[in-house]
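Have a look at the structure below, then the notes.
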Amino acid sequence: MLRKVATALLLATAIPATAQTTPPKLIVAISVDQFSADLFSEYRQYYSGGLKRLTQGVVFPKGYQSHAATETCPGHSTILTGSRPSRTGIIANTWFDLSTAREDKAVYCAEDESQPGSNSGNYVASPIHLKVPTLGGRMKIANPTTRVVSVAGKDRAAIMMGGPTADQTWWIGGAQGFVSYKGVVTPPLVAKINDAFAARLAQPNAGFDLPQQCVAKDFPVAIGAGKSVGTGRFARAAGDFKAFRASPEQDAMTLVLAAGAIESMALGKQAQTDIISIGLSATDYVGHTYGTEGTESCIQIDRLDRELGAFFDRLDKDGIDYAVVLTADHGGHDLPERHRENAMPMENRVDAALTPKALSATIGAMTGLSGKTLIWGDGPAGDLYIDKGLTAAQRAKVEAETLKLLRAHPQVEAAYTKAQIAAVPSPSGPPESWSLLQEARASFDPARSGDILLLLKPRITPIVDPTKGYVATHGSPWDYDRRVPILFWRHGLTHFEQPLGVETVDIMPTLAALIGLPVPKSEIDGRCLDLVAGEGSSCPAQ
């Protein structure tokens with residue numbers, strides 16, 4: 001008891017009484033990949049660690065990644081830029097450039113395709129496709145002594161949140177641990193953590209205990225060919241990186257690096273405000289591999305809560321005056337096989353006829369243009385690109401036949417042309433009230449978007465065969481993929497909850513206001529969210 005009292009007194013004196021009205025010394029921006037608003041609320045009553053702490057701050061339980069392309073790269077590009085994908089230029093994880101001379105026409109969102117040997121599967125990582133500055137970049141312009149650090153499980157998370165001017169950018173590059181851009185020398189801290197990473201990976205993991213709240217979810221779901229999910233505990237063999245990546249172990253190592261970077265670089269200990277962005281990617285890998293409603297996801301959220309609690313406790317112990325925002329790059333949808341067992345018989349997988357390869361073959365036969373790839377795309381939903389080598393008449397015919405076929409398909413909600421989307425003004429107003437066309441406009445870049453945008457009906461999972469890889473995914477324009485929690489916390493911040501919709505693009509101007517950094521409204525899509533309960537405002541006067 002005496003130890004607890006002493007700790008409480010230490011924390012009370014470590015943070016100045018004026019912390020609410022003065023700029024924090026460190027901004028901690030956390031993105032939990034595929035942490036939907038549904039997942040957040042489902043387990044909220046069980047939080048006891050870091051997530052519980054954040055629910056005691058300012059809570060927006062129904063935030064929105066408001067655009068239609070709810071993928072990892074676009075979502076991360078919105079969080080610290082204040083801009084939607086239509087402005088950031090990050091319209092998808094992968095888009096197509098049919099005019100490029102290289103054989104691989106696909107372009108990965110975080111690659112520099114001009115580098116020799118780079119292709120969308122084995123790329124030279126780069127932030128060059130991000131068209132706007134991040135909060136850290138703006139902070140460095142205002143004060144060059146600002147330190148900006150970005151760490152994540154995925155490269156696209158670290159790169160899109162850190163931006164091109166970050167001092168340190170690290171992500172998990174495979175079994176070798178954390179890596180950075182080509183040519184960056186590994187500092188002693190990262191080398192030490194990579195040694196710990198290797199040692200942990202080299203040991204088998206017997207798995208995690210099943211929390212009480214997960215017991216009711218502990219039943220197998222068959223998905224064909226002898227494959228099932230729903231009862232896993234994350235046991236893995238020594239050296240199995242794929243299993244390590246899709247488990248709570250990945251986030252634990254990412255937070256170790258984040259905490260080490262804060263300590264070794266003395267972030268939050270100087271006169272200026274520093275910023276660290278942290279991309280926790282395991283929830284996404286777990287959701288794709290096992291779905292969002294089994295024991296695997298339940299254990300993952302429980303461990304995430306614990307690991308975040310330990311991380312925040314470490315910052316408290318160091319006496320850092322920090323402000324936290326936690327959100328997600330997109331939501332997620334459970335596998336249809338489990339949904340059908342749980343009162344949703346209409347759930348289904350996408351028809352293989354809607355894959356770009358199948359569409360191209362069908363349209364080729366219909367138009368007499370067989371023998372070449374007419375339609376390019378990254379999957380059976382999203383942007384579709386029509387071959388640029390066609391004559392104007394041929395292109396018009398291919399487009400017309402493709403639209404006719406898609407719009408008649410029972411699994412297709414909408415198929416929009418580039419011209420239709422471009423004609424729509426940039427959306428405004430509550431994101432929950434936008435039309436599908438407005439959502440599409442928020443993801444649209446005239447130079448990178450496809451000729452046709454294919455949107456599937458709700459509850460159609462765009463994975464044809466789950467036995468060959470992932471069983472569940474995201475990427476749709478529906479609320480289960482768009483809605484994410486947005487949580488702000490700081491010592492002394494009075495709790496309130498606002499259930500109405502706000503956007504992830506509102507995060508950057510909100511944080512900028514906390515540190516007194518002006519951001520021209522014309523340069524962003526978001527707005528400042530007032531974090532002061534009741535009278536008064538944390539936002540600049542309008």
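We label chains A, B, ... in the order they appear in the structure tokens, count residues from 1 in each chain, and number ligands from 1 in the order shown.
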Original post:
Residues at most 10 Å from range 120-127 of chain A, counting only C-alpha atoms, excluding those fewer than 2 positions away in the same chain, as a PyMOL selection string?
Top reply: chain A and resi 94-96+104-118+129-131+155-156+158-165+180-182
Write a file of the selected residues as a compact mmCIF listing (two decimals), in the first residue's frame, keeping N, CA, C and O atoms.
```txt
# COMPACT_ATOMS: atom_id res chain seq x y z
N THR A 94 -2.10 -0.41 -53.35
CA THR A 94 -1.47 -0.59 -54.66
C THR A 94 -2.38 -0.02 -55.74
O THR A 94 -3.59 -0.27 -55.72
N TRP A 95 -1.83 0.78 -56.62
CA TRP A 95 -2.57 1.22 -57.80
C TRP A 95 -1.79 0.83 -59.05
O TRP A 95 -0.71 0.22 -58.94
N PHE A 96 -2.31 1.17 -60.23
CA PHE A 96 -1.67 0.74 -61.47
C PHE A 96 -1.31 1.94 -62.33
O PHE A 96 -2.08 2.89 -62.45
N ASP A 104 6.18 -4.58 -64.48
CA ASP A 104 5.22 -4.56 -63.39
C ASP A 104 4.46 -3.24 -63.41
O ASP A 104 5.03 -2.18 -63.10
N LYS A 105 3.21 -3.26 -63.75
CA LYS A 105 2.42 -2.03 -63.85
C LYS A 105 1.83 -1.61 -62.50
O LYS A 105 1.33 -0.50 -62.37
N ALA A 106 1.88 -2.50 -61.51
CA ALA A 106 1.38 -2.16 -60.19
C ALA A 106 2.38 -1.29 -59.46
O ALA A 106 3.60 -1.48 -59.58
N VAL A 107 1.88 -0.32 -58.71
CA VAL A 107 2.73 0.58 -57.93
C VAL A 107 2.34 0.47 -56.46
O VAL A 107 1.19 0.72 -56.11
N TYR A 108 3.30 0.08 -55.62
CA TYR A 108 3.04 0.00 -54.19
C TYR A 108 3.08 1.41 -53.61
O TYR A 108 3.92 2.23 -53.99
N CYS A 109 2.19 1.70 -52.69
CA CYS A 109 2.03 3.06 -52.17
C CYS A 109 3.27 3.63 -51.52
O CYS A 109 3.48 4.84 -51.52
N ALA A 110 4.13 2.76 -50.97
CA ALA A 110 5.32 3.24 -50.25
C ALA A 110 6.60 2.78 -50.94
O ALA A 110 7.59 2.45 -50.29
N GLU A 111 6.61 2.78 -52.26
CA GLU A 111 7.83 2.43 -52.99
C GLU A 111 8.26 3.59 -53.88
O GLU A 111 7.47 4.48 -54.22
N ASP A 112 9.51 3.58 -54.27
CA ASP A 112 10.01 4.48 -55.30
C ASP A 112 10.25 3.63 -56.54
O ASP A 112 11.29 2.98 -56.67
N GLU A 113 9.26 3.60 -57.41
CA GLU A 113 9.33 2.71 -58.57
C GLU A 113 10.40 3.12 -59.58
O GLU A 113 10.70 2.37 -60.52
N SER A 114 10.97 4.33 -59.41
CA SER A 114 12.03 4.75 -60.32
C SER A 114 13.38 4.11 -59.98
O SER A 114 14.31 4.16 -60.79
N GLN A 115 13.48 3.50 -58.81
CA GLN A 115 14.73 2.87 -58.40
C GLN A 115 14.95 1.56 -59.16
O GLN A 115 14.01 0.78 -59.36
N PRO A 116 16.16 1.31 -59.61
CA PRO A 116 16.45 0.07 -60.36
C PRO A 116 16.06 -1.16 -59.56
O PRO A 116 16.40 -1.28 -58.38
N GLY A 117 15.36 -2.06 -60.20
CA GLY A 117 15.01 -3.33 -59.57
C GLY A 117 13.77 -3.29 -58.70
O GLY A 117 13.30 -4.33 -58.25
N SER A 118 13.24 -2.10 -58.44
CA SER A 118 12.06 -2.02 -57.58
C SER A 118 10.82 -2.50 -58.32
O SER A 118 10.61 -2.16 -59.48
N HIS A 129 5.40 9.11 -52.66
CA HIS A 129 4.03 9.23 -53.17
C HIS A 129 3.13 10.07 -52.27
O HIS A 129 2.04 10.47 -52.70
N LEU A 130 3.56 10.33 -51.04
CA LEU A 130 2.76 11.15 -50.13
C LEU A 130 2.89 12.62 -50.54
O LEU A 130 3.98 13.19 -50.51
N LYS A 131 1.78 13.24 -50.90
CA LYS A 131 1.80 14.58 -51.49
C LYS A 131 1.74 15.71 -50.47
O LYS A 131 1.91 16.89 -50.87
N ASP A 155 5.77 -1.19 -43.06
CA ASP A 155 6.46 -0.04 -43.63
C ASP A 155 5.49 1.08 -43.98
O ASP A 155 5.74 2.25 -43.71
N ARG A 156 4.35 0.72 -44.58
CA ARG A 156 3.43 1.77 -45.01
C ARG A 156 2.81 2.54 -43.83
O ARG A 156 2.42 3.69 -43.98
N ALA A 158 4.53 3.13 -40.86
CA ALA A 158 5.60 4.00 -40.39
C ALA A 158 5.85 5.16 -41.34
O ALA A 158 6.02 6.31 -40.92
N ILE A 159 5.84 4.89 -42.64
CA ILE A 159 6.17 5.90 -43.63
C ILE A 159 5.06 6.94 -43.75
O ILE A 159 5.33 8.15 -43.80
N MET A 160 3.82 6.51 -43.78
CA MET A 160 2.72 7.46 -43.97
C MET A 160 2.46 8.31 -42.72
O MET A 160 2.00 9.44 -42.84
N MET A 161 2.78 7.81 -41.54
CA MET A 161 2.59 8.63 -40.34
C MET A 161 3.83 9.48 -40.04
O MET A 161 3.70 10.58 -39.52
N GLY A 162 5.01 8.97 -40.36
CA GLY A 162 6.22 9.74 -40.10
C GLY A 162 6.50 10.79 -41.15
O GLY A 162 6.99 11.87 -40.84
N GLY A 163 6.21 10.46 -42.41
CA GLY A 163 6.48 11.40 -43.49
C GLY A 163 7.93 11.42 -43.91
O GLY A 163 8.79 10.76 -43.32
N PRO A 164 8.25 12.21 -44.93
CA PRO A 164 9.59 12.19 -45.51
C PRO A 164 10.67 12.86 -44.67
O PRO A 164 11.86 12.65 -44.94
N THR A 165 10.29 13.65 -43.68
CA THR A 165 11.31 14.39 -42.91
C THR A 165 11.53 13.83 -41.51
O THR A 165 12.18 14.46 -40.69
N SER A 180 14.90 0.09 -42.06
CA SER A 180 14.52 1.44 -42.48
C SER A 180 14.80 1.60 -43.96
O SER A 180 14.97 0.62 -44.69
N TYR A 181 14.88 2.84 -44.42
CA TYR A 181 15.12 3.10 -45.82
C TYR A 181 16.48 2.59 -46.27
O TYR A 181 17.42 2.44 -45.46
N LYS A 182 16.59 2.34 -47.54
CA LYS A 182 17.84 1.88 -48.14
C LYS A 182 18.97 2.85 -47.80
O LYS A 182 18.84 4.06 -47.98
```
**OP:** Find the residues near Val148 in chain A: any atom within 12 Å, counting only C-alpha atoms, skip ones fewer than 6 places away on the same chain, and give them as JSON, numbers by chain.
**Re:** {"A": [26, 27, 28, 29, 134, 135, 136, 137, 138, 139, 140, 141, 158, 159, 161, 162, 163, 164, 165, 166, 167, 168, 169, 170, 258, 261, 262, 265, 266, 267, 268, 272, 273, 274, 275, 276, 277, 278]}
**OP:** Using backbone DSSP assignments, extract all alpha helix (DSSP H) residues from range 129-287 of chain A; output them as a VMD selection string.
**Re:** chain A and resid 135 to 142 155 to 162 188 to 202 241 to 245 248 to 264 282 to 287
Subject >> Every residue of range 222-417 of chain A that DSSP places in strand (DSSP E or B), as a ChimeraX atom specification >> reply: /A:222,228-229,236,274-280,322-327,333,348-349,375-377,382-386,412-417
Can you spit out the residues from that selection as a compact mmCIF listing (two decimals), in the first residue's frame, using N, CA, C and O atoms?
```
# COMPACT_ATOMS: atom_id res chain seq x y z
N ALA A 222 -15.29 -23.96 -39.61
CA ALA A 222 -14.72 -24.61 -40.79
C ALA A 222 -14.85 -23.70 -42.01
O ALA A 222 -15.90 -23.09 -42.22
N SER A 228 -9.72 -24.56 -40.46
CA SER A 228 -10.66 -23.95 -39.53
C SER A 228 -9.95 -22.89 -38.71
O SER A 228 -8.72 -22.90 -38.58
N VAL A 229 -10.71 -21.98 -38.16
CA VAL A 229 -10.19 -20.93 -37.29
C VAL A 229 -11.13 -20.81 -36.09
O VAL A 229 -12.20 -21.40 -36.07
N ARG A 236 3.36 -21.17 -31.40
CA ARG A 236 4.16 -21.20 -32.63
C ARG A 236 5.46 -21.94 -32.39
O ARG A 236 5.97 -22.02 -31.26
N ASP A 274 8.21 17.10 -29.08
CA ASP A 274 8.59 16.05 -30.02
C ASP A 274 7.36 15.20 -30.35
O ASP A 274 6.32 15.31 -29.69
N ILE A 275 7.49 14.34 -31.35
CA ILE A 275 6.38 13.47 -31.72
C ILE A 275 6.90 12.10 -32.12
O ILE A 275 7.91 11.97 -32.80
N ILE A 276 6.20 11.07 -31.65
CA ILE A 276 6.48 9.70 -32.09
C ILE A 276 5.16 9.09 -32.55
O ILE A 276 4.13 9.20 -31.88
N SER A 277 5.18 8.49 -33.71
CA SER A 277 4.02 7.75 -34.20
C SER A 277 4.34 6.26 -34.12
O SER A 277 5.46 5.83 -34.40
N ILE A 278 3.33 5.49 -33.73
CA ILE A 278 3.50 4.06 -33.48
C ILE A 278 2.40 3.30 -34.22
O ILE A 278 1.22 3.49 -33.95
N GLY A 279 2.79 2.47 -35.16
CA GLY A 279 1.84 1.65 -35.90
C GLY A 279 1.85 0.23 -35.36
O GLY A 279 2.83 -0.49 -35.53
N LEU A 280 0.78 -0.16 -34.69
CA LEU A 280 0.66 -1.51 -34.13
C LEU A 280 -0.13 -2.36 -35.12
O LEU A 280 -1.34 -2.19 -35.28
N TYR A 322 3.09 14.02 -21.75
CA TYR A 322 2.76 13.54 -23.09
C TYR A 322 1.26 13.56 -23.32
O TYR A 322 0.46 13.46 -22.40
N ALA A 323 0.90 13.70 -24.58
CA ALA A 323 -0.49 13.59 -25.02
C ALA A 323 -0.59 12.43 -26.00
O ALA A 323 0.30 12.25 -26.85
N VAL A 324 -1.65 11.65 -25.88
CA VAL A 324 -1.82 10.46 -26.71
C VAL A 324 -3.06 10.60 -27.59
O VAL A 324 -4.09 11.11 -27.13
N VAL A 325 -2.95 10.16 -28.81
CA VAL A 325 -4.14 9.89 -29.62
C VAL A 325 -4.01 8.47 -30.14
O VAL A 325 -2.92 8.04 -30.53
N LEU A 326 -5.10 7.73 -30.07
CA LEU A 326 -5.12 6.37 -30.60
C LEU A 326 -6.31 6.24 -31.55
O LEU A 326 -7.43 6.66 -31.23
N THR A 327 -6.05 5.67 -32.71
CA THR A 327 -7.10 5.44 -33.69
C THR A 327 -6.71 4.23 -34.53
O THR A 327 -5.87 3.42 -34.13
N HIS A 333 -13.99 -6.75 -41.18
CA HIS A 333 -15.21 -7.54 -41.24
C HIS A 333 -14.85 -9.01 -41.04
O HIS A 333 -13.89 -9.50 -41.63
N ASN A 348 -21.54 -13.67 -47.63
CA ASN A 348 -21.01 -14.50 -48.71
C ASN A 348 -19.64 -14.02 -49.16
O ASN A 348 -19.21 -12.92 -48.78
N ARG A 349 -19.00 -14.84 -49.95
CA ARG A 349 -17.72 -14.49 -50.57
C ARG A 349 -17.96 -14.03 -52.00
O ARG A 349 -18.96 -14.37 -52.63
N ILE A 375 -8.28 -5.35 -68.64
CA ILE A 375 -8.62 -4.75 -67.36
C ILE A 375 -7.60 -5.16 -66.31
O ILE A 375 -7.32 -6.34 -66.12
N TRP A 376 -7.08 -4.16 -65.63
CA TRP A 376 -6.09 -4.37 -64.57
C TRP A 376 -6.71 -3.95 -63.24
O TRP A 376 -7.50 -3.02 -63.17
N GLY A 377 -6.32 -4.64 -62.18
CA GLY A 377 -6.80 -4.27 -60.86
C GLY A 377 -6.11 -5.10 -59.80
O GLY A 377 -5.44 -6.10 -60.09
N GLY A 382 -12.71 -2.30 -55.93
CA GLY A 382 -11.82 -1.15 -55.99
C GLY A 382 -11.58 -0.67 -57.40
O GLY A 382 -12.41 -0.85 -58.31
N ASP A 383 -10.40 -0.06 -57.62
CA ASP A 383 -10.09 0.57 -58.90
C ASP A 383 -9.77 -0.46 -59.99
O ASP A 383 -8.99 -1.39 -59.77
N LEU A 384 -10.36 -0.24 -61.16
CA LEU A 384 -10.07 -1.05 -62.35
C LEU A 384 -9.54 -0.13 -63.44
O LEU A 384 -10.05 0.98 -63.64
N TYR A 385 -8.51 -0.59 -64.14
CA TYR A 385 -7.83 0.21 -65.14
C TYR A 385 -7.97 -0.45 -66.51
O TYR A 385 -7.74 -1.65 -66.66
N ILE A 386 -8.32 0.34 -67.52
CA ILE A 386 -8.50 -0.17 -68.88
C ILE A 386 -7.23 0.05 -69.69
O ILE A 386 -6.62 1.12 -69.63
N VAL A 412 -22.79 -6.64 -56.88
CA VAL A 412 -22.23 -5.30 -57.09
C VAL A 412 -23.23 -4.23 -56.65
O VAL A 412 -24.38 -4.22 -57.08
N GLU A 413 -22.77 -3.33 -55.79
CA GLU A 413 -23.59 -2.22 -55.35
C GLU A 413 -23.52 -1.05 -56.32
O GLU A 413 -24.54 -0.42 -56.63
N ALA A 414 -22.31 -0.75 -56.81
CA ALA A 414 -22.15 0.38 -57.73
C ALA A 414 -20.88 0.20 -58.54
O ALA A 414 -19.92 -0.44 -58.11
N ALA A 415 -20.88 0.79 -59.74
CA ALA A 415 -19.70 0.86 -60.59
C ALA A 415 -19.68 2.27 -61.17
O ALA A 415 -20.56 2.64 -61.95
N TYR A 416 -18.72 3.07 -60.76
CA TYR A 416 -18.63 4.47 -61.17
C TYR A 416 -17.48 4.66 -62.14
O TYR A 416 -16.42 4.04 -62.02
N THR A 417 -17.65 5.56 -63.09
CA THR A 417 -16.56 5.94 -63.98
C THR A 417 -15.73 7.03 -63.34
O THR A 417 -16.18 7.73 -62.41
```
**OP:** Would you work out the distance separating CA of Arg395 in chain A from CA of Gln411 in chain A, expressed in Å to one decimal?
**Re:** 24.6 Å
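Of the listed residues (A:Leu374, A:Arg490, A:His474, A:Ala238), A:Arg490 comes nearest to Lys25 in chain A; the distances count only C-alpha atoms.
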Determine, counting only C-alpha atoms, which protein, DNA and RNA residues have an atom within 12 Å of an atom of Gln45 in chain A; residues of the same chain fewer than 6 positions away are not included. Present the result as a PDB file with C-alpha atoms, in the first residue's frame.
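Saved as around-v7.pdb:
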```pdb
ATOM      1  CA  LEU A  39     -14.056  -4.217 -32.039  1.00  0.00           C
ATOM      2  CA  LEU A  51      -7.112   1.045 -23.470  1.00  0.00           C
ATOM      3  CA  LYS A  52      -8.997   1.636 -20.219  1.00  0.00           C
ATOM      4  CA  THR A  55     -11.384   5.591 -22.461  1.00  0.00           C
ATOM      5  CA  GLN A 213     -14.256 -12.889 -21.904  1.00  0.00           C
ATOM      6  CA  ASP A 302      -6.603  -8.329 -24.368  1.00  0.00           C
ATOM      7  CA  ASP A 305      -4.633  -3.519 -23.702  1.00  0.00           C
TER       8      ASP A 305
END
```
Subject >> 12 Å contact set for Thr231 in chain A, only C-alpha atoms, chain neighbours under 2 positions out, as JSON, numbers by chain >> reply: {"A": [207, 208, 209, 210, 214, 215, 216, 217, 218, 219, 220, 221, 222, 227, 228, 229, 233, 234, 235, 290, 291, 293, 294, 295, 296, 297, 298, 299]}
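Within 12 Å of Ser538 in chain A, once only C-alpha atoms are used and residues closer than 2 positions along the same chain are dropped, the contacting residues are Gln20, Thr21, Thr22, Pro23, Leu493, Pro509, Thr510, Leu511, Ala512, Ala513, Leu514, Ile515, Gly516, Cys528, Leu529, Asp530, Leu531, Val532, Ala533, Gly534, Glu535, Gly536, Pro540, Ala541 and Gln542 of chain A.
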Subject >> Point-to-point distance in Å for CA of Thr81 in chain A and CA of Thr494 in chain A >> reply: 25.9 Å
Subject >> Which of A:Gly389, A:Gly371, A:Gly230, A:Pro187 sits closest to Leu335 in chain A [using only C-alpha atoms] >> reply: A:Gly230
Subject >> Spatial neighbours of Leu257 in chain A, 8 Å, only C-alpha atoms, chain gap at least 6 places, as number ranges by chain >> reply: A: 151, 190, 193
Selection from above, N, CA and C atoms, as a PDB file, in the first residue's frame, can you write it?
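Output contents, as saved in part13.pdb:
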```
ATOM      1  N   VAL A 151       7.667   4.420 -35.812  1.00  0.00           N
ATOM      2  CA  VAL A 151       7.953   2.982 -35.774  1.00  0.00           C
ATOM      3  C   VAL A 151       6.654   2.220 -35.989  1.00  0.00           C
ATOM      4  N   VAL A 190      18.546   0.178 -32.172  1.00  0.00           N
ATOM      5  CA  VAL A 190      17.800  -0.737 -33.046  1.00  0.00           C
ATOM      6  C   VAL A 190      18.533  -2.071 -33.172  1.00  0.00           C
ATOM      7  N   ILE A 193      17.735  -4.024 -30.054  1.00  0.00           N
ATOM      8  CA  ILE A 193      16.366  -4.545 -30.058  1.00  0.00           C
ATOM      9  C   ILE A 193      16.207  -5.647 -31.094  1.00  0.00           C
TER      10      ILE A 193
END
```
**OP:** State, in Å with one decimal place, the distance from CA of Asn194 in chain A to CA of Pro248 in chain A.
**Re:** 17.1 Å
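Restricting the calculation to only C-alpha atoms, the smallest distance between Tyr43 in chain A and any of A:Gly177, A:Pro211, A:Asp445, A:Arg459 is found for A:Pro211.
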**OP:** Go through A:Ile452, A:Leu436, A:Ala400, A:Ala142 and flag the residue nearest Asp479 in chain A, using only C-alpha atoms for the distances.
**Re:** A:Leu436
